[in-house]
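Structure file target_20.pdb (PDB, C-alpha atoms) is printed below.
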```
ATOM      1  CA  MET L   1     -24.341 -43.774  -9.965
ATOM      2  CA  SER L   2     -26.294 -42.088  -7.192
ATOM      3  CA  ARG L   3     -29.871 -40.947  -7.630
ATOM      4  CA  ARG L   4     -31.877 -38.820  -5.242
ATOM      5  CA  LEU L   5     -35.263 -37.147  -5.258
ATOM      6  CA  VAL L   6     -35.789 -33.821  -3.498
ATOM      7  CA  ASN L   7     -38.618 -31.343  -3.179
ATOM      8  CA  ILE L   8     -38.480 -28.184  -5.286
ATOM      9  CA  THR L   9     -37.705 -25.160  -3.118
ATOM     10  CA  LEU L  10     -36.506 -21.614  -3.681
ATOM     11  CA  ASP L  11     -32.977 -22.876  -2.971
ATOM     12  CA  ASN L  12     -32.899 -25.338  -5.863
ATOM     13  CA  LEU L  13     -35.291 -23.650  -8.284
ATOM     14  CA  ASP L  14     -32.346 -22.588 -10.438
ATOM     15  CA  ASP L  15     -31.598 -26.272 -11.072
ATOM     16  CA  LEU L  16     -34.570 -26.424 -13.445
ATOM     17  CA  PRO L  17     -33.697 -26.093 -17.150
ATOM     18  CA  ARG L  18     -33.333 -22.387 -17.946
ATOM     19  CA  ARG L  19     -36.477 -22.143 -20.041
ATOM     20  CA  CYS L  20     -38.459 -24.018 -17.397
ATOM     21  CA  ARG L  21     -37.095 -21.681 -14.763
ATOM     22  CA  ARG L  22     -38.572 -18.734 -16.687
ATOM     23  CA  CYS L  23     -41.836 -20.428 -17.601
ATOM     24  CA  VAL L  24     -45.031 -19.290 -15.861
ATOM     25  CA  PHE L  25     -47.515 -20.895 -18.253
ATOM     26  CA  TRP L  26     -49.293 -22.759 -15.454
ATOM     27  CA  GLU L  27     -48.562 -20.429 -12.566
ATOM     28  CA  LEU L  28     -50.312 -17.345 -13.996
ATOM     29  CA  ASP L  29     -53.507 -16.725 -15.905
ATOM     30  CA  PRO L  30     -52.944 -15.909 -19.601
ATOM     31  CA  VAL L  31     -53.204 -12.124 -19.174
ATOM     32  CA  SER L  32     -50.881 -12.004 -16.155
ATOM     33  CA  ARG L  33     -48.427 -14.281 -17.903
ATOM     34  CA  ASP L  34     -48.240 -11.993 -20.926
ATOM     35  CA  ARG L  35     -47.659  -9.013 -18.641
ATOM     36  CA  ALA L  36     -44.890 -10.815 -16.757
ATOM     37  CA  VAL L  37     -43.143 -11.749 -20.002
ATOM     38  CA  GLU L  38     -43.457  -8.206 -21.364
ATOM     39  CA  ALA L  39     -42.039  -6.829 -18.118
ATOM     40  CA  GLY L  40     -39.130  -9.259 -18.364
ATOM     41  CA  ALA L  41     -39.737 -10.719 -14.903
ATOM     42  CA  PRO L  42     -41.148 -14.237 -15.272
ATOM     43  CA  GLU L  43     -38.433 -15.627 -12.958
ATOM     44  CA  LEU L  44     -39.670 -13.429 -10.112
ATOM     45  CA  GLU L  45     -43.244 -14.546 -10.710
ATOM     46  CA  LYS L  46     -42.096 -18.169 -10.641
ATOM     47  CA  GLU L  47     -40.336 -17.600  -7.321
ATOM     48  CA  ALA L  48     -43.395 -15.888  -5.864
ATOM     49  CA  TRP L  49     -45.634 -18.771  -6.925
ATOM     50  CA  ILE L  50     -43.321 -21.419  -5.498
ATOM     51  CA  SER L  51     -42.968 -19.481  -2.245
ATOM     52  CA  SER L  52     -46.684 -18.953  -1.667
ATOM     53  CA  THR L  53     -47.605 -22.505  -2.657
ATOM     54  CA  LEU L  54     -44.989 -24.000  -0.345
ATOM     55  CA  LEU L  55     -46.178 -21.851   2.559
ATOM     56  CA  GLU L  56     -49.884 -22.406   2.054
ATOM     57  CA  TRP L  57     -50.073 -25.963   0.721
ATOM     58  CA  GLY L  58     -46.670 -27.629   0.899
ATOM     59  CA  SER L  59     -44.457 -29.483  -1.570
ATOM     60  CA  CYS L  60     -45.462 -28.731  -5.178
ATOM     61  CA  GLY L  61     -42.666 -30.315  -7.180
ATOM     62  CA  LYS L  62     -39.702 -32.658  -7.177
ATOM     63  CA  ILE L  63     -36.289 -32.700  -8.833
ATOM     64  CA  VAL L  64     -34.341 -35.887  -9.475
ATOM     65  CA  TYR L  65     -30.544 -35.726  -9.411
ATOM     66  CA  VAL L  66     -28.101 -38.203 -10.891
ATOM     67  CA  ASP L  67     -24.635 -37.855  -9.363
ATOM     68  CA  ASP L  68     -25.710 -34.379  -8.180
ATOM     69  CA  VAL L  69     -26.675 -33.321 -11.714
ATOM     70  CA  PRO L  70     -30.343 -32.270 -12.129
ATOM     71  CA  ALA L  71     -31.868 -34.809 -14.539
ATOM     72  CA  GLY L  72     -35.596 -34.128 -14.450
ATOM     73  CA  PHE L  73     -38.481 -32.650 -12.531
ATOM     74  CA  VAL L  74     -42.228 -32.692 -12.014
ATOM     75  CA  MET L  75     -44.597 -30.004 -10.742
ATOM     76  CA  TYR L  76     -48.076 -30.390  -9.302
ATOM     77  CA  ALA L  77     -50.560 -28.441  -7.169
ATOM     78  CA  PRO L  78     -54.257 -28.172  -6.343
ATOM     79  CA  PRO L  79     -56.170 -26.378  -9.120
ATOM     80  CA  LEU L  80     -56.792 -23.446  -6.760
ATOM     81  CA  TYR L  81     -53.085 -22.629  -7.091
ATOM     82  CA  VAL L  82     -52.954 -23.066 -10.875
ATOM     83  CA  PRO L  83     -54.715 -20.123 -12.584
ATOM     84  CA  ARG L  84     -54.155 -21.502 -16.070
ATOM     85  CA  SER L  85     -56.232 -24.569 -15.212
ATOM     86  CA  VAL L  86     -59.507 -22.660 -15.538
ATOM     87  CA  ALA L  87     -58.626 -21.608 -19.092
ATOM     88  CA  PHE L  88     -59.266 -25.075 -20.502
ATOM     89  CA  PRO L  89     -62.643 -26.084 -21.929
ATOM     90  CA  THR L  90     -62.647 -29.255 -19.805
ATOM     91  CA  SER L  91     -62.047 -27.461 -16.510
ATOM     92  CA  PRO L  92     -62.540 -27.484 -13.591
ATOM     93  CA  VAL L  93     -60.268 -30.119 -12.102
ATOM     94  CA  SER L  94     -62.108 -32.310  -9.589
ATOM     95  CA  ALA L  95     -62.157 -31.030  -6.013
ATOM     96  CA  ASP L  96     -60.451 -34.169  -4.659
ATOM     97  CA  ALA L  97     -57.583 -34.124  -7.189
ATOM     98  CA  VAL L  98     -54.239 -32.408  -7.621
ATOM     99  CA  LEU L  99     -53.252 -31.152 -11.079
ATOM    100  CA  LEU L 100     -50.174 -32.578 -12.785
ATOM    101  CA  MET L 101     -48.784 -29.381 -14.293
ATOM    102  CA  THR L 102     -45.633 -30.446 -16.090
ATOM    103  CA  ALA L 103     -42.997 -33.187 -16.051
ATOM    104  CA  HIS L 104     -39.709 -33.593 -17.881
ATOM    105  CA  ILE L 105     -36.656 -35.835 -18.017
ATOM    106  CA  LEU L 106     -33.594 -34.457 -19.792
ATOM    107  CA  PRO L 107     -32.947 -36.470 -22.980
ATOM    108  CA  GLU L 108     -29.514 -37.636 -21.866
ATOM    109  CA  PHE L 109     -31.074 -39.270 -18.792
ATOM    110  CA  ALA L 110     -34.082 -40.871 -20.500
ATOM    111  CA  GLY L 111     -34.576 -44.605 -20.165
ATOM    112  CA  GLY L 112     -33.028 -44.915 -16.722
ATOM    113  CA  GLY L 113     -36.166 -45.234 -14.638
ATOM    114  CA  LEU L 114     -36.164 -41.617 -13.492
ATOM    115  CA  GLY L 115     -39.713 -41.022 -14.690
ATOM    116  CA  ARG L 116     -40.909 -43.885 -12.523
ATOM    117  CA  MET L 117     -38.946 -42.488  -9.596
ATOM    118  CA  LEU L 118     -40.503 -39.039  -9.996
ATOM    119  CA  VAL L 119     -44.108 -40.163 -10.309
ATOM    120  CA  GLN L 120     -43.853 -42.695  -7.517
ATOM    121  CA  GLY L 121     -42.446 -39.928  -5.347
ATOM    122  CA  VAL L 122     -45.383 -37.687  -6.221
ATOM    123  CA  ALA L 123     -47.891 -40.482  -5.603
ATOM    124  CA  LYS L 124     -46.409 -41.288  -2.194
ATOM    125  CA  ASP L 125     -46.291 -37.617  -1.242
ATOM    126  CA  LEU L 126     -49.911 -36.985  -2.191
ATOM    127  CA  THR L 127     -51.162 -40.218  -0.616
ATOM    128  CA  ARG L 128     -49.632 -39.170   2.696
ATOM    129  CA  ARG L 129     -51.545 -35.911   2.332
ATOM    130  CA  ALA L 130     -54.842 -37.751   1.768
ATOM    131  CA  VAL L 131     -55.142 -36.698  -1.883
ATOM    132  CA  LYS L 132     -57.247 -39.203  -3.827
ATOM    133  CA  ALA L 133     -56.201 -38.608  -7.427
ATOM    134  CA  ILE L 134     -54.051 -36.812  -9.977
ATOM    135  CA  GLU L 135     -55.679 -35.117 -12.964
ATOM    136  CA  ALA L 136     -54.170 -33.612 -16.081
ATOM    137  CA  PHE L 137     -55.270 -31.841 -19.228
ATOM    138  CA  GLY L 138     -54.196 -34.015 -22.124
ATOM    139  CA  ASP L 139     -53.571 -32.865 -25.673
ATOM    140  CA  LEU L 140     -54.900 -34.917 -28.577
ATOM    141  CA  LYS L 141     -53.069 -32.855 -31.200
ATOM    142  CA  ILE L 142     -49.629 -32.340 -29.808
ATOM    143  CA  GLU L 143     -47.692 -29.553 -31.485
ATOM    144  CA  GLU L 144     -43.978 -28.963 -31.149
ATOM    145  CA  GLY L 145     -43.371 -26.579 -28.287
ATOM    146  CA  GLY L 146     -46.628 -27.314 -26.480
ATOM    147  CA  CYS L 147     -46.855 -27.486 -22.675
ATOM    148  CA  LEU L 148     -49.442 -30.223 -22.312
ATOM    149  CA  VAL L 149     -48.899 -33.934 -21.878
ATOM    150  CA  PRO L 150     -50.122 -36.031 -24.839
ATOM    151  CA  ALA L 151     -53.473 -37.595 -23.973
ATOM    152  CA  ASP L 152     -52.458 -40.925 -25.516
ATOM    153  CA  TYR L 153     -49.515 -41.192 -23.159
ATOM    154  CA  LEU L 154     -51.667 -40.391 -20.129
ATOM    155  CA  LEU L 155     -54.087 -43.122 -21.170
ATOM    156  CA  SER L 156     -51.225 -45.581 -21.633
ATOM    157  CA  VAL L 157     -50.044 -45.152 -18.046
ATOM    158  CA  GLY L 158     -53.415 -45.652 -16.409
ATOM    159  CA  PHE L 159     -55.210 -42.307 -16.624
ATOM    160  CA  LYS L 160     -58.900 -42.438 -17.539
ATOM    161  CA  THR L 161     -60.815 -39.739 -19.404
ATOM    162  CA  VAL L 162     -63.287 -38.007 -17.113
ATOM    163  CA  ARG L 163     -64.304 -35.240 -19.498
ATOM    164  CA  PRO L 164     -63.837 -35.794 -23.221
ATOM    165  CA  HIS L 165     -62.925 -33.033 -25.673
ATOM    166  CA  HIS L 166     -61.737 -33.009 -29.283
ATOM    167  CA  ARG L 167     -58.463 -31.360 -28.244
ATOM    168  CA  TYR L 168     -58.055 -31.067 -24.453
ATOM    169  CA  PRO L 169     -59.652 -33.970 -22.572
ATOM    170  CA  ARG L 170     -59.302 -34.025 -18.806
ATOM    171  CA  LEU L 171     -57.896 -37.288 -17.484
ATOM    172  CA  ARG L 172     -57.630 -38.784 -14.016
ATOM    173  CA  LEU L 173     -55.440 -41.313 -12.228
ATOM    174  CA  GLU L 174     -56.559 -42.741  -8.886
ATOM    175  CA  LEU L 175     -53.565 -42.734  -6.573
ATOM    176  CA  LYS L 176     -54.229 -46.251  -5.341
ATOM    177  CA  SER L 177     -53.659 -47.297  -8.966
ATOM    178  CA  ALA L 178     -50.534 -45.171  -9.295
ATOM    179  CA  LEU L 179     -48.909 -46.899  -6.338
ATOM    180  CA  SER L 180     -49.469 -50.336  -7.864
ATOM    181  CA  TRP L 181     -48.423 -49.636 -11.454
ATOM    182  CA  ARG L 182     -46.892 -52.595 -13.227
ATOM    183  CA  GLU L 183     -43.450 -52.323 -14.754
ATOM    184  CA  ASP L 184     -44.759 -52.131 -18.323
ATOM    185  CA  VAL L 185     -46.896 -49.127 -17.414
ATOM    186  CA  GLU L 186     -43.923 -47.468 -15.754
ATOM    187  CA  VAL L 187     -41.878 -47.996 -18.922
ATOM    188  CA  ALA L 188     -44.608 -46.228 -20.896
ATOM    189  CA  LEU L 189     -44.433 -43.351 -18.416
ATOM    190  CA  GLU L 190     -40.669 -43.179 -18.850
ATOM    191  CA  ARG L 191     -41.168 -42.816 -22.608
ATOM    192  CA  LEU L 192     -43.667 -40.041 -21.989
ATOM    193  CA  LEU L 193     -41.323 -37.993 -19.839
ATOM    194  CA  GLY L 194     -38.373 -38.650 -22.140
ATOM    195  CA  SER L 195     -40.376 -37.383 -25.119
ATOM    196  CA  MET L 196     -40.994 -33.982 -23.532
ATOM    197  CA  THR L 197     -38.040 -31.837 -24.526
ATOM    198  CA  PRO L 198     -37.018 -28.721 -22.551
ATOM    199  CA  GLU L 199     -38.411 -26.634 -25.396
ATOM    200  CA  GLY L 200     -41.688 -28.505 -25.349
ATOM    201  CA  ALA L 201     -42.072 -28.293 -21.605
ATOM    202  CA  LEU L 202     -41.956 -24.519 -21.665
ATOM    203  CA  ARG L 203     -43.754 -22.951 -24.524
ATOM    204  CA  PRO L 204     -47.439 -22.146 -24.179
ATOM    205  CA  VAL L 205     -49.912 -23.918 -26.405
TER     206      VAL L 205
END
```

Written form, structure tokens:
Amino acid sequence: MSRRLVNITLDNLDDLPRRCRRCVFWELDPVSRDRAVEAGAPELEKEAWISSTLLEWGSCGKIVYVDDVPAGFVMYAPPLYVPRSVAFPTSPVSADAVLLMTAHILPEFAGGGLGRMLVQGVAKDLTRRAVKAIEAFGDLKIEEGGCLVPADYLLSVGFKTVRPHHRYPRLRLELKSALSWREDVEVALERLLGSMTPEGALRPV
């Protein structure tokens, strides 16, 4: 079984799950997102976001393949490139951090270490680019179909709360910690990614 990790580009964007391919929850502000959906062109908006982010900032996501079959992905970017990030009550994301937007492992590939592979790839990428930390908006009351990562899972894999909230706390992981995660923490991360279904990774909260 071969496994490989590649950067998300316009050439492989269609390898994302269909609903993820059409999702612009993070890439657009709420008003623009609604307009894109009403116009029936969220895929074009997704392409435009990927293109501009790649040109201006660089790699903003990774796809993991198992025997050339796309098995999971993760997306991340500085908050400046993520309009939805300012819509949360615990914003803004810290100036020295990159925002973990979304992450997902297809259910049939869960439990194989792919989550660890994805996050380690992100951590190594961002460390090379002198990024100090990853932040994420957690959800304390996860609902089916939500886009956010459960706060409890983020805490279990080493994130620390930097701004509490009754629903959407903002959490942070120092990259030096991410690169030295123990195996038990990585297993918890694998459970997190495996629990996020394609449906859940796409629908807005």

* What do you get, as a PyMOL selection string, if you spell out every residue that the PyMOL selection byres ((chain L and resi 164-174) around 6) selects here? -> chain L and resi 90+133-140+159-163+175-177

Go ahead and write the selection's residues with C-alpha atoms as a compact mmCIF listing (two decimals), in the coordinates of the input.
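Contents of out_31.txt, as written:
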```txt
# COMPACT_ATOMS: atom_id res chain seq x y z
CA THR L 90 -62.65 -29.26 -19.80
CA ALA L 133 -56.20 -38.61 -7.43
CA ILE L 134 -54.05 -36.81 -9.98
CA GLU L 135 -55.68 -35.12 -12.96
CA ALA L 136 -54.17 -33.61 -16.08
CA PHE L 137 -55.27 -31.84 -19.23
CA GLY L 138 -54.20 -34.02 -22.12
CA ASP L 139 -53.57 -32.86 -25.67
CA LEU L 140 -54.90 -34.92 -28.58
CA PHE L 159 -55.21 -42.31 -16.62
CA LYS L 160 -58.90 -42.44 -17.54
CA THR L 161 -60.82 -39.74 -19.40
CA VAL L 162 -63.29 -38.01 -17.11
CA ARG L 163 -64.30 -35.24 -19.50
CA LEU L 175 -53.56 -42.73 -6.57
CA LYS L 176 -54.23 -46.25 -5.34
CA SER L 177 -53.66 -47.30 -8.97
```

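Residue nearest Glu108 in chain L within the list L:Gly121, L:Gly72, L:Pro83, L:Pro78: L:Gly72 [criterion: smallest interatomic distance, all atoms listed in the file].
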
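With all atoms listed in the file as the basis for measurement, L:Ala97 is the residue among L:Val37, L:Leu114, L:Ala77, L:Ala97 that approaches Ala130 in chain L most closely.
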
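Using the PyMOL selection byres ((chain L and resi 29) around 12) on this structure selects Val24, Phe25, Trp26, Glu27, Leu28, Pro30, Val31, Ser32, Arg33, Asp34, Arg35, Ala36, Glu45, Leu80, Tyr81, Val82, Pro83, Arg84, Ser85, Val86, Ala87, Phe88 and Pro204 of chain L.
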
* Would you mind reading off the distance between CA of Asp67 in chain L and CA of Met1 in chain L, one decimal, in Å? => 6.0 Å

* Interatomic distance (Å, one decimal) between CA of Ala95 in chain L and CA of Phe73 in chain L ->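 Value for the CA of Ala95 in chain L-CA of Phe73 in chain L distance: 24.6 Å.
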